[in-house]
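Asks: Structure file query.cif (mmCIF, C-alpha atoms and all ligand atoms) right here:
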```
data_start
#
loop_
_atom_site.label_atom_id
_atom_site.label_comp_id
_atom_site.auth_asym_id
_atom_site.auth_seq_id
_atom_site.Cartn_x
_atom_site.Cartn_y
_atom_site.Cartn_z
CA MET A 1 -28.74 111.60 -58.11
CA SER A 2 -27.11 109.38 -55.51
CA PHE A 3 -23.68 107.85 -55.12
CA TYR A 4 -24.89 105.10 -57.44
CA GLU A 5 -24.55 107.40 -60.48
CA SER A 6 -21.07 108.48 -59.33
CA LEU A 7 -20.09 104.85 -58.85
CA MET A 8 -21.23 103.94 -62.35
CA ALA A 9 -19.04 106.72 -63.74
CA LEU A 10 -16.08 105.80 -61.52
CA GLU A 11 -16.18 102.13 -62.45
CA GLN A 12 -15.45 103.11 -66.07
CA LEU A 13 -11.96 104.24 -65.03
CA PRO A 14 -9.16 102.08 -66.49
CA PHE A 15 -7.80 101.26 -63.02
CA THR A 16 -5.05 98.85 -64.06
CA GLU A 17 -3.51 101.31 -66.53
CA LEU A 18 -3.95 104.28 -64.21
CA TRP A 19 -2.12 102.51 -61.41
CA LYS A 20 0.60 101.36 -63.75
CA GLU A 21 1.13 104.93 -64.90
CA CYS A 22 1.28 106.41 -61.39
CA GLY A 23 4.84 107.22 -60.42
CA PRO A 24 6.65 108.69 -57.41
CA GLU A 25 5.99 112.23 -58.69
CA ASP A 26 2.21 111.61 -58.52
CA VAL A 27 2.51 110.38 -54.94
CA LYS A 28 4.64 113.40 -54.00
CA ARG A 29 2.12 115.75 -55.65
CA ALA A 30 -0.66 114.21 -53.55
CA LEU A 31 1.44 114.44 -50.41
CA ALA A 32 2.09 118.14 -50.98
CA LYS A 33 -1.61 119.07 -51.24
CA ASP A 34 -4.06 120.04 -48.50
CA LYS A 35 -7.23 119.05 -50.32
CA LEU A 36 -6.82 115.91 -52.36
CA ASP A 37 -8.88 114.96 -55.39
CA GLU A 38 -9.76 111.68 -57.09
CA GLU A 39 -6.42 111.51 -58.94
CA ASP A 40 -4.49 112.01 -55.73
CA LEU A 41 -6.43 109.18 -54.10
CA LEU A 42 -5.57 106.91 -57.01
CA ALA A 43 -1.90 107.87 -56.60
CA LEU A 44 -1.93 107.10 -52.87
CA LEU A 45 -3.43 103.67 -53.47
CA SER A 46 -1.08 102.87 -56.37
CA PRO A 47 1.78 100.37 -56.29
CA ALA A 48 4.17 103.36 -56.55
CA ALA A 49 2.88 104.70 -53.21
CA GLY A 50 4.00 101.45 -51.60
CA GLN A 51 7.53 102.91 -51.65
CA HIS A 52 6.40 106.07 -49.83
CA LEU A 53 4.58 104.67 -46.83
CA GLU A 54 6.93 106.37 -44.37
CA GLU A 55 6.23 109.87 -45.77
CA MET A 56 2.52 109.08 -45.94
CA ALA A 57 2.59 107.87 -42.33
CA GLN A 58 4.24 111.04 -41.07
CA LYS A 59 1.66 113.27 -42.71
CA ALA A 60 -1.23 110.98 -41.70
CA GLN A 61 -0.13 111.07 -38.08
CA ARG A 62 0.18 114.85 -38.15
CA LEU A 63 -3.30 115.24 -39.64
CA THR A 64 -4.84 112.80 -37.19
CA ARG A 65 -3.40 114.57 -34.15
CA THR A 66 -4.39 117.98 -35.55
CA HIS A 67 -8.00 116.99 -36.13
CA PHE A 68 -8.56 114.51 -33.31
CA GLY A 69 -5.87 115.10 -30.66
CA HIS A 70 -4.06 112.30 -28.80
CA VAL A 71 -7.17 110.26 -28.15
CA MET A 72 -8.75 106.97 -29.16
CA GLN A 73 -12.48 106.37 -28.96
CA LEU A 74 -13.37 102.92 -27.60
CA PHE A 75 -16.56 100.96 -28.22
CA THR A 76 -17.75 97.40 -28.46
CA PRO A 77 -20.25 95.61 -30.68
CA MET A 78 -23.22 93.87 -29.09
CA TYR A 79 -24.91 91.12 -31.09
CA VAL A 80 -28.57 90.70 -30.15
CA ALA A 81 -29.81 88.35 -32.93
CA ASP A 82 -28.17 86.07 -35.49
CA PHE A 83 -31.21 85.23 -37.63
CA CYS A 84 -30.52 86.11 -41.25
CA VAL A 85 -32.45 85.67 -44.47
CA ASN A 86 -29.46 86.23 -46.75
CA HIS A 87 -26.83 83.93 -48.10
CA CYS A 88 -23.53 85.81 -48.18
CA THR A 89 -20.68 83.46 -49.01
CA TYR A 90 -18.36 84.89 -46.33
CA CYS A 91 -20.46 84.89 -43.15
CA SER A 92 -21.42 82.31 -40.49
CA PHE A 93 -24.87 83.83 -40.03
CA SER A 94 -25.78 82.97 -43.64
CA SER A 95 -29.22 81.33 -43.91
CA ILE A 96 -27.68 78.15 -45.35
CA TYR A 97 -26.01 77.21 -42.08
CA ASP A 98 -27.88 75.06 -39.64
CA PHE A 99 -27.12 76.04 -36.05
CA PRO A 100 -29.30 77.02 -33.10
CA ARG A 101 -30.13 80.66 -33.85
CA LYS A 102 -30.51 83.12 -31.00
CA LYS A 103 -32.33 86.35 -30.37
CA LEU A 104 -31.96 88.01 -26.99
CA THR A 105 -34.99 88.84 -24.90
CA LEU A 106 -35.05 92.40 -23.58
CA GLU A 107 -34.03 91.02 -20.18
CA GLU A 108 -31.00 89.39 -21.77
CA VAL A 109 -30.24 92.62 -23.63
CA GLU A 110 -30.22 94.37 -20.27
CA GLN A 111 -27.85 91.77 -18.79
CA GLU A 112 -25.46 92.15 -21.72
CA ALA A 113 -25.68 95.93 -21.49
CA ALA A 114 -24.90 95.89 -17.77
CA ALA A 115 -21.93 93.54 -18.31
CA ILE A 116 -20.49 95.75 -21.06
CA ALA A 117 -21.15 98.97 -19.15
CA SER A 118 -19.30 97.55 -16.12
CA THR A 119 -16.10 97.70 -18.21
CA GLY A 120 -16.52 101.46 -18.41
CA LEU A 121 -17.52 101.62 -22.09
CA ARG A 122 -20.31 104.09 -22.88
CA HIS A 123 -20.38 103.73 -26.66
CA ILE A 124 -21.96 100.65 -28.19
CA LEU A 125 -22.72 99.24 -31.62
CA LEU A 126 -25.89 97.13 -31.76
CA LEU A 127 -25.82 94.35 -34.37
CA THR A 128 -28.30 91.86 -35.73
CA GLY A 129 -28.31 89.41 -38.61
CA GLU A 130 -30.34 90.77 -41.50
CA SER A 131 -33.92 89.65 -41.07
CA ARG A 132 -36.85 92.01 -41.02
CA ARG A 133 -39.02 89.20 -39.72
CA ASP A 134 -36.82 88.19 -36.79
CA SER A 135 -35.30 91.56 -35.87
CA PRO A 136 -37.83 94.15 -37.08
CA VAL A 137 -37.38 97.86 -36.46
CA SER A 138 -39.69 97.57 -33.42
CA TYR A 139 -37.30 95.02 -31.83
CA VAL A 140 -34.25 97.20 -32.55
CA LYS A 141 -36.13 100.13 -31.02
CA ASP A 142 -37.00 98.15 -27.88
CA CYS A 143 -33.34 97.14 -27.52
CA VAL A 144 -32.29 100.78 -27.89
CA THR A 145 -34.69 101.80 -25.12
CA VAL A 146 -32.89 99.37 -22.81
CA LEU A 147 -29.43 100.42 -23.99
CA ARG A 148 -30.15 104.12 -23.41
CA LYS A 149 -30.02 103.40 -19.68
CA TYR A 150 -26.40 102.28 -19.94
CA PHE A 151 -24.81 104.03 -22.92
CA SER A 152 -24.43 107.61 -24.06
CA SER A 153 -23.93 106.68 -27.71
CA ILE A 154 -25.68 103.89 -29.60
CA GLY A 155 -24.80 102.92 -33.14
CA ILE A 156 -26.61 100.29 -35.19
CA GLU A 157 -25.43 97.81 -37.78
CA VAL A 158 -28.58 96.16 -39.13
CA ASN A 159 -30.21 95.52 -42.52
CA PRO A 160 -30.73 98.60 -44.74
CA LEU A 161 -33.83 100.54 -43.68
CA SER A 162 -35.95 103.31 -45.18
CA GLN A 163 -35.34 106.94 -44.29
CA GLU A 164 -38.50 106.93 -42.15
CA GLU A 165 -37.33 103.86 -40.24
CA TYR A 166 -33.92 105.44 -39.65
CA LYS A 167 -35.70 108.56 -38.38
CA GLU A 168 -37.75 106.44 -36.01
CA LEU A 169 -34.57 104.91 -34.60
CA ALA A 170 -32.85 108.29 -34.37
CA HIS A 171 -35.80 109.49 -32.28
CA ALA A 172 -35.45 106.41 -30.08
CA GLY A 173 -31.86 107.41 -29.27
CA VAL A 174 -29.67 105.90 -32.00
CA ASP A 175 -27.01 108.38 -33.06
CA GLY A 176 -24.79 106.34 -35.37
CA LEU A 177 -25.28 104.14 -38.42
CA THR A 178 -22.73 101.64 -39.72
CA ILE A 179 -23.48 99.97 -43.01
CA TYR A 180 -20.79 98.43 -45.15
CA GLN A 181 -21.31 97.95 -48.83
CA GLU A 182 -19.03 94.89 -48.39
CA VAL A 183 -18.17 94.87 -52.11
CA TYR A 184 -18.33 97.86 -54.44
CA HIS A 185 -17.48 95.85 -57.56
CA ARG A 186 -20.97 95.02 -58.81
CA GLU A 187 -20.27 91.70 -60.52
CA THR A 188 -18.41 90.36 -57.51
CA TYR A 189 -21.18 91.65 -55.25
CA GLU A 190 -23.70 89.62 -57.21
CA LYS A 191 -21.52 86.51 -57.03
CA LEU A 192 -20.94 86.71 -53.28
CA HIS A 193 -24.51 87.56 -52.30
CA VAL A 194 -26.28 84.47 -53.47
CA LYS A 195 -29.73 84.85 -51.95
CA GLY A 196 -31.92 87.31 -50.09
CA PRO A 197 -32.71 91.04 -50.14
CA LYS A 198 -29.03 91.88 -49.75
CA ARG A 199 -28.67 91.04 -53.44
CA ASN A 200 -30.17 94.48 -54.08
CA PHE A 201 -26.87 96.33 -54.53
CA ARG A 202 -28.43 99.76 -54.90
CA ALA A 203 -30.73 99.52 -51.87
CA ARG A 204 -27.64 98.91 -49.78
CA LEU A 205 -25.46 101.51 -51.48
CA ASP A 206 -28.00 104.28 -50.86
CA ALA A 207 -28.65 103.33 -47.23
CA PRO A 208 -25.86 105.50 -45.72
CA GLU A 209 -27.29 108.52 -47.53
CA ARG A 210 -30.75 107.74 -46.16
CA GLY A 211 -29.10 107.64 -42.72
CA CYS A 212 -27.56 111.08 -43.27
CA GLN A 213 -30.95 112.42 -44.35
CA ALA A 214 -32.62 110.87 -41.32
CA GLY A 215 -30.35 112.92 -39.04
CA PHE A 216 -27.87 110.46 -37.56
CA ARG A 217 -24.90 112.18 -35.93
CA SER A 218 -22.46 109.76 -37.56
CA VAL A 219 -22.52 107.40 -40.53
CA ASN A 220 -19.82 104.82 -41.18
CA VAL A 221 -19.15 103.12 -44.53
CA GLY A 222 -16.60 100.61 -45.78
CA ALA A 223 -15.65 97.68 -47.99
CA LEU A 224 -14.91 94.20 -46.66
CA LEU A 225 -11.35 94.06 -47.93
CA GLY A 226 -10.28 90.89 -49.65
CA MET A 227 -13.36 90.27 -51.76
CA TYR A 228 -12.12 92.07 -54.86
CA ASP A 229 -9.03 94.07 -55.85
CA TRP A 230 -8.25 95.97 -52.64
CA ARG A 231 -7.03 99.12 -54.36
CA GLN A 232 -10.26 99.54 -56.29
CA GLU A 233 -12.47 98.68 -53.32
CA ALA A 234 -10.60 101.11 -51.04
CA PHE A 235 -10.89 103.77 -53.74
CA MET A 236 -14.66 103.33 -54.07
CA ALA A 237 -15.23 103.31 -50.30
CA ALA A 238 -13.24 106.54 -49.90
CA MET A 239 -15.12 108.15 -52.80
CA HIS A 240 -18.40 107.09 -51.17
CA ALA A 241 -17.31 108.72 -47.90
CA ARG A 242 -16.23 111.91 -49.73
CA TYR A 243 -19.59 112.03 -51.56
CA LEU A 244 -21.46 111.88 -48.23
CA GLN A 245 -19.14 114.31 -46.48
CA ASP A 246 -19.58 116.91 -49.23
CA ARG A 247 -23.37 116.69 -49.12
CA TYR A 248 -23.99 116.23 -45.41
CA PRO A 249 -21.48 118.42 -43.59
CA GLY A 250 -23.44 118.13 -40.34
CA CYS A 251 -22.93 114.37 -40.21
CA GLU A 252 -19.61 112.82 -39.17
CA ILE A 253 -18.71 110.40 -41.96
CA GLY A 254 -16.39 107.57 -40.95
CA LEU A 255 -14.62 104.75 -42.75
CA SER A 256 -13.71 101.24 -41.68
CA PRO A 257 -11.20 98.95 -43.40
CA PRO A 258 -12.32 95.45 -42.20
CA ARG A 259 -10.39 92.52 -43.66
CA PHE A 260 -11.97 89.16 -44.37
CA ARG A 261 -11.71 86.68 -41.43
CA PRO A 262 -12.35 82.93 -41.11
CA TYR A 263 -15.95 81.96 -40.37
CA LEU A 264 -18.12 78.83 -40.28
CA GLY A 265 -17.79 78.08 -44.00
CA SER A 266 -14.81 77.42 -46.25
CA PHE A 267 -14.95 80.31 -48.72
CA ASN A 268 -11.58 81.94 -49.29
CA PRO A 269 -11.37 85.28 -51.04
CA GLU A 270 -9.29 85.77 -54.15
CA SER A 271 -7.56 88.98 -53.14
CA ASP A 272 -5.03 88.73 -50.34
CA VAL A 273 -4.78 92.00 -48.42
CA THR A 274 -1.40 92.03 -46.70
CA ASP A 275 -0.62 94.03 -43.54
CA ARG A 276 1.32 96.45 -45.72
CA ALA A 277 -1.69 96.91 -47.99
CA LEU A 278 -3.89 97.60 -44.98
CA VAL A 279 -1.43 100.25 -43.77
CA GLN A 280 -1.45 101.87 -47.22
CA ILE A 281 -5.26 101.93 -47.26
CA ILE A 282 -5.52 103.53 -43.82
CA LEU A 283 -2.92 106.16 -44.73
CA ALA A 284 -4.64 106.94 -48.03
CA TYR A 285 -7.99 107.30 -46.21
CA ARG A 286 -6.48 109.72 -43.69
CA LEU A 287 -4.74 111.87 -46.31
CA PHE A 288 -7.79 111.95 -48.57
CA LEU A 289 -10.30 112.58 -45.77
CA PRO A 290 -8.44 114.31 -42.92
CA ARG A 291 -11.60 114.85 -40.82
CA SER A 292 -13.07 111.36 -41.13
CA GLY A 293 -13.03 108.92 -38.26
CA ILE A 294 -11.32 105.61 -39.09
CA THR A 295 -12.41 102.53 -37.15
CA LEU A 296 -10.20 99.50 -36.55
CA SER A 297 -11.83 96.27 -35.46
CA THR A 298 -10.58 93.20 -33.59
CA ARG A 299 -10.38 91.40 -36.93
CA GLU A 300 -6.77 92.62 -36.82
CA PRO A 301 -4.14 90.98 -34.60
CA ALA A 302 -3.03 92.75 -31.42
CA ARG A 303 0.52 93.53 -32.56
CA LEU A 304 -0.75 95.18 -35.74
CA ARG A 305 -3.47 97.15 -33.92
CA ASP A 306 -0.81 98.45 -31.54
CA ARG A 307 1.08 99.91 -34.50
CA LEU A 308 -1.95 101.20 -36.39
CA VAL A 309 -3.09 103.39 -33.48
CA HIS A 310 -0.44 105.87 -34.62
CA LEU A 311 -1.37 105.98 -38.29
CA GLY A 312 -4.81 107.52 -38.60
CA VAL A 313 -7.14 105.26 -36.65
CA THR A 314 -9.50 107.15 -34.31
CA LYS A 315 -11.86 104.43 -33.05
CA MET A 316 -11.18 100.89 -31.84
CA SER A 317 -13.33 98.08 -30.58
CA ALA A 318 -12.31 96.34 -27.34
CA GLY A 319 -13.55 93.37 -25.32
CA VAL A 320 -15.25 91.97 -28.41
CA SER A 321 -17.55 88.97 -28.86
CA THR A 322 -19.17 88.34 -32.26
CA GLU A 323 -21.68 85.92 -30.70
CA VAL A 324 -25.22 86.73 -29.65
CA GLY A 325 -25.15 87.01 -25.84
CA GLY A 326 -21.37 86.56 -25.81
CA HIS A 327 -20.80 89.01 -22.94
CA THR A 328 -22.90 87.14 -20.40
CA GLY A 329 -24.39 83.72 -21.21
CA GLU A 330 -22.78 80.96 -23.20
CA GLY A 331 -22.96 82.91 -26.42
CA GLY A 332 -23.84 81.41 -29.79
CA THR A 333 -22.09 80.89 -33.10
CA PRO A 334 -19.58 83.69 -33.81
CA GLN A 335 -20.22 85.68 -36.99
CA PHE A 336 -16.50 85.39 -37.76
CA GLU A 337 -13.32 84.78 -35.78
CA ILE A 338 -11.81 87.77 -34.07
CA SER A 339 -8.04 88.15 -33.85
CA ASP A 340 -7.43 90.57 -30.98
CA SER A 341 -9.24 89.14 -27.95
CA ARG A 342 -7.92 91.64 -25.40
CA GLY A 343 -10.37 93.07 -22.90
CA VAL A 344 -11.03 96.75 -22.23
CA PRO A 345 -8.39 97.11 -19.44
CA GLU A 346 -5.64 95.71 -21.69
CA ILE A 347 -6.56 98.00 -24.59
CA ARG A 348 -6.68 100.95 -22.21
CA GLU A 349 -3.17 100.11 -20.93
CA MET A 350 -1.84 99.70 -24.45
CA LEU A 351 -3.22 103.12 -25.42
CA TYR A 352 -1.67 104.82 -22.38
CA ARG A 353 1.66 103.17 -23.16
CA SER A 354 1.34 104.53 -26.71
CA GLY A 355 0.79 108.07 -25.46
CA LEU A 356 -2.92 108.08 -26.25
CA GLN A 357 -5.92 108.83 -24.07
CA PRO A 358 -8.64 106.16 -24.27
CA VAL A 359 -12.07 107.78 -24.50
CA PHE A 360 -14.97 105.78 -23.07
CA LYS A 361 -17.58 108.48 -23.45
CA ASP A 362 -17.21 111.19 -26.05
CA TRP A 363 -20.64 112.76 -26.01
CA ASP A 364 -24.15 112.42 -24.69
CA ILE A 365 -27.52 113.40 -26.05
CA LEU A 366 -28.23 116.24 -23.61
CA ALA A 367 -31.85 117.11 -24.31
CA GLU A 368 -34.01 114.08 -23.56
CA SER A 369 -36.86 115.84 -25.35
CA SER A 370 -34.86 115.82 -28.57
CA ILE A 371 -34.85 112.03 -28.79
S1 LIG A 401 -23.07 89.32 -43.75
FE1 LIG A 401 -24.94 90.07 -42.81
S2 LIG A 401 -26.51 89.69 -44.34
FE2 LIG A 401 -24.76 88.43 -44.91
S3 LIG A 401 -25.16 86.44 -43.97
FE3 LIG A 401 -23.93 87.65 -42.52
S4 LIG A 401 -25.42 88.62 -41.18
FE4 LIG A 401 -26.51 87.91 -42.99
#
```
Just dump the structure as structure tokens.

Replies:
Amino acid sequence: MSFYESLMALEQLPFTELWKECGPEDVKRALAKDKLDEEDLLALLSPAAGQHLEEMAQKAQRLTRTHFGHVMQLFTPMYVADFCVNHCTYCSFSSIYDFPRKKLTLEEVEQEAAAIASTGLRHILLLTGESRRDSPVSYVKDCVTVLRKYFSSIGIEVNPLSQEEYKELAHAGVDGLTIYQEVYHRETYEKLHVKGPKRNFRARLDAPERGCQAGFRSVNVGALLGMYDWRQEAFMAAMHARYLQDRYPGCEIGLSPPRFRPYLGSFNPESDVTDRALVQIILAYRLFLPRSGITLSTREPARLRDRLVHLGVTKMSAGVSTEVGGHTGEGGTPQFEISDSRGVPEIREMLYRSGLQPVFKDWDILAESSI
């Protein structure tokens, strides 16, 4: 049994009717509870809840400060390779695009690491395009060995791996895994993932669980919002996170609500996720999963990020480049356009002004022998 079986049962729900039937009393019932169930989550994502965002925000803020304090974890992504064997219709790294691909040498990885570390950040997310041939586990492991010299926490966002491969990386010093399903609606998933191993919906869906079993300290899941009905996608992502949290209490399960951004191609998603919808999603996530970290990326504009820091978000990226080598050399082709281009000092200032403490280093792996 994996989340796949749960998903197949959940996708039978008559979402449209359920959301039509949800009224203010359902939202209030959910707001009054400490431990929310599936029905409460549906109520919080319903159109009716759109009229109760203020009450949801107050409770979400209270829960966030109770569980996390007045702090915001900062990190930045580091792209080391943009080779990809997949064709996803929404990404510049797709194999159909012809541009000079890049893969950093270990020397270049070290230069990037030093440049990022000089900003004070000690948490990093290592990213590659999805290609076992061009960025095999051995390459990721070599990069991690370099990064360990500069960072106390290393997360990875790479193609789905086996449990053994995740274990190997955990032993090399990786403590966090981020892997987005992108789209939980299976038909849409098939449509948007035209070619390559990423077409295997289930292999991807089960990857976060393999990460939990391999012993990562944190595992982050999410849907790329805008690809299908946002209410349903947010619902499935939250249910996925709850499934993992219930089974792997020793692993910190986090959620991200990335919205679609412009990229090299011209694909435009059907579902428009407004700022208000994004707020509702983040609030629903916080109320449904009070202990889960919520990550906000630079896909969102600065003015919106400044407001969202009060509503449930616990981790933010800063000083972001979505290009391979973008922190030192000339960089390459960005995976997608970012929206908030502020550097680490500006984000730090914004957080202080908002009454929050920016956290550059939250933990370290103390026993070298354990990695
Ligand atoms: S989303 Fe990932 S797998 Fe898809 S084309 Fe981009 S890098 Fe490759």

Asks: Every residue with an atom at most 10 Å from (-0.7, 112.9, -49.6) (file coordinates; all atoms listed in the file) is what I'm after, so could you write them as number ranges by chain?

Replies: A: 26-36, 40-41, 43-44, 49, 52, 55-57, 59-60, 283-288

Asks: Taking all atoms listed in the file into account, which residues have an atom no farther than 7 Å from ligand LIG 401 (chain A)? I'd like them as number ranges by chain.

Replies: A: 82, 84-88, 90-95, 128-130, 198, 335

Asks: Within 8 Å of A:Phe360, counting only C-alpha atoms, which residues show up once you throw out same-chain ones fewer than 4 positions away? Write them as a JSON list (two decimals) with C-alpha atoms, in the coordinates of the input, please.

Replies:
```json
[["chain", "number", "residue", "atom", "x", "y", "z"],
["A", 73, "GLN", "CA", -12.48, 106.37, -28.96],
["A", 74, "LEU", "CA", -13.37, 102.92, -27.60],
["A", 75, "PHE", "CA", -16.56, 100.96, -28.22],
["A", 120, "GLY", "CA", -16.52, 101.46, -18.41],
["A", 121, "LEU", "CA", -17.52, 101.62, -22.09],
["A", 122, "ARG", "CA", -20.31, 104.09, -22.88],
["A", 123, "HIS", "CA", -20.38, 103.73, -26.66]]
```

Asks: What does the structure give for the distance between atom CA of A:Arg101 and atom CA of A:Leu225, in Å to one decimal?

Replies: 27.0 Å

Asks: Figure out the distance between atom CA of A:Arg231 and atom CA of A:Glu38, please, to one decimal in Å.

Replies: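 Between atom CA of A:Glu38 and atom CA of A:Arg231 the gap works out to 13.1 Å.
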
Asks: Taking only C-alpha atoms into account, which of A:His193, A:Arg210, A:Arg276, A:Arg307 comes nearest A:Leu244?

Replies: A:Arg210

Asks: Please determine the residues with any atom at most 12 Å from (-23.7, 98.3, -16.2) (coordinates as given in the file, with only C-alpha atoms counting) and report them as an MDAnalysis selection string.

Replies: chainID A and resid 109:122 146:151 327:328

Asks: With C-alpha atoms retained, export the selected residues as a PDB file, in the coordinates of the input.

Replies:
```pdb
ATOM      1  CA  VAL A 109     -30.240  92.620 -23.630  1.00  0.00           C
ATOM      2  CA  GLU A 110     -30.220  94.370 -20.270  1.00  0.00           C
ATOM      3  CA  GLN A 111     -27.850  91.770 -18.790  1.00  0.00           C
ATOM      4  CA  GLU A 112     -25.460  92.150 -21.720  1.00  0.00           C
ATOM      5  CA  ALA A 113     -25.680  95.930 -21.490  1.00  0.00           C
ATOM      6  CA  ALA A 114     -24.900  95.890 -17.770  1.00  0.00           C
ATOM      7  CA  ALA A 115     -21.930  93.540 -18.310  1.00  0.00           C
ATOM      8  CA  ILE A 116     -20.490  95.750 -21.060  1.00  0.00           C
ATOM      9  CA  ALA A 117     -21.150  98.970 -19.150  1.00  0.00           C
ATOM     10  CA  SER A 118     -19.300  97.550 -16.120  1.00  0.00           C
ATOM     11  CA  THR A 119     -16.100  97.700 -18.210  1.00  0.00           C
ATOM     12  CA  GLY A 120     -16.520 101.460 -18.410  1.00  0.00           C
ATOM     13  CA  LEU A 121     -17.520 101.620 -22.090  1.00  0.00           C
ATOM     14  CA  ARG A 122     -20.310 104.090 -22.880  1.00  0.00           C
ATOM     15  CA  VAL A 146     -32.890  99.370 -22.810  1.00  0.00           C
ATOM     16  CA  LEU A 147     -29.430 100.420 -23.990  1.00  0.00           C
ATOM     17  CA  ARG A 148     -30.150 104.120 -23.410  1.00  0.00           C
ATOM     18  CA  LYS A 149     -30.020 103.400 -19.680  1.00  0.00           C
ATOM     19  CA  TYR A 150     -26.400 102.280 -19.940  1.00  0.00           C
ATOM     20  CA  PHE A 151     -24.810 104.030 -22.920  1.00  0.00           C
ATOM     21  CA  HIS A 327     -20.800  89.010 -22.940  1.00  0.00           C
ATOM     22  CA  THR A 328     -22.900  87.140 -20.400  1.00  0.00           C
TER      23      THR A 328
END
```

Asks: From the options A:Phe201, A:Val359, A:Phe3, A:Ile179, which residue's atoms come nearest to A:Asp246, counting only C-alpha atoms?

Replies: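 Among the listed residues, the smallest separation from A:Asp246 belongs to A:Phe3.
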
Asks: Point out the residue among A:Ser138, A:Asn268, A:Thr89, A:Thr64 with the least atom-to-atom distance to A:Glu190, counting all atoms listed in the file.

Replies: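 That would be A:Thr89, the residue with the smallest distance to A:Glu190.
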
Asks: Restricting the calculation to only C-alpha atoms: of A:Ile294, A:Met236, A:Ile347, A:Ala81, which residue gets closest to A:Asn220?

Replies: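 Among A:Ile294, A:Met236, A:Ile347, A:Ala81, it is A:Ile294 that comes nearest to A:Asn220.
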
Asks: From the list A:His310, A:Gly319, A:Ser46, A:Pro258, which residue is nearest A:Gln58 when using only C-alpha atoms?

Replies: A:His310

Asks: Given all atoms listed in the file as the basis, pick out the residue of A:Arg186, A:Lys195, A:Ala318, A:Gly355 nearest to A:Glu11.

Replies: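 Smallest separation from A:Glu11 among the options: A:Arg186.
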
Asks: Take atom CA of A:Glu21 and atom CA of A:Met239 and report the distance between them in Å, one decimal.

Replies: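 Result for atom CA of A:Glu21 versus atom CA of A:Met239: 20.5 Å, one decimal.
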
Asks: Would you list the contacts of A:Gly176 as JSON, numbers by chain, taking every protein, DNA or RNA residue within 8 Å and counting all atoms listed in the file, but skipping same-chain residues closer than 3 positions in sequence?

Replies: {"A": [153, 154, 155, 156, 216, 217, 218, 219, 220]}

Asks: Can you tell me which residues surround A:Leu304 at a distance of at most 12 Å, considering all atoms listed in the file, apart from same-chain residues fewer than 6 positions away, and format the answer as JSON, numbers by chain?

Replies: {"A": [274, 275, 276, 278, 279, 296, 297, 298, 310, 311, 313, 339, 340]}
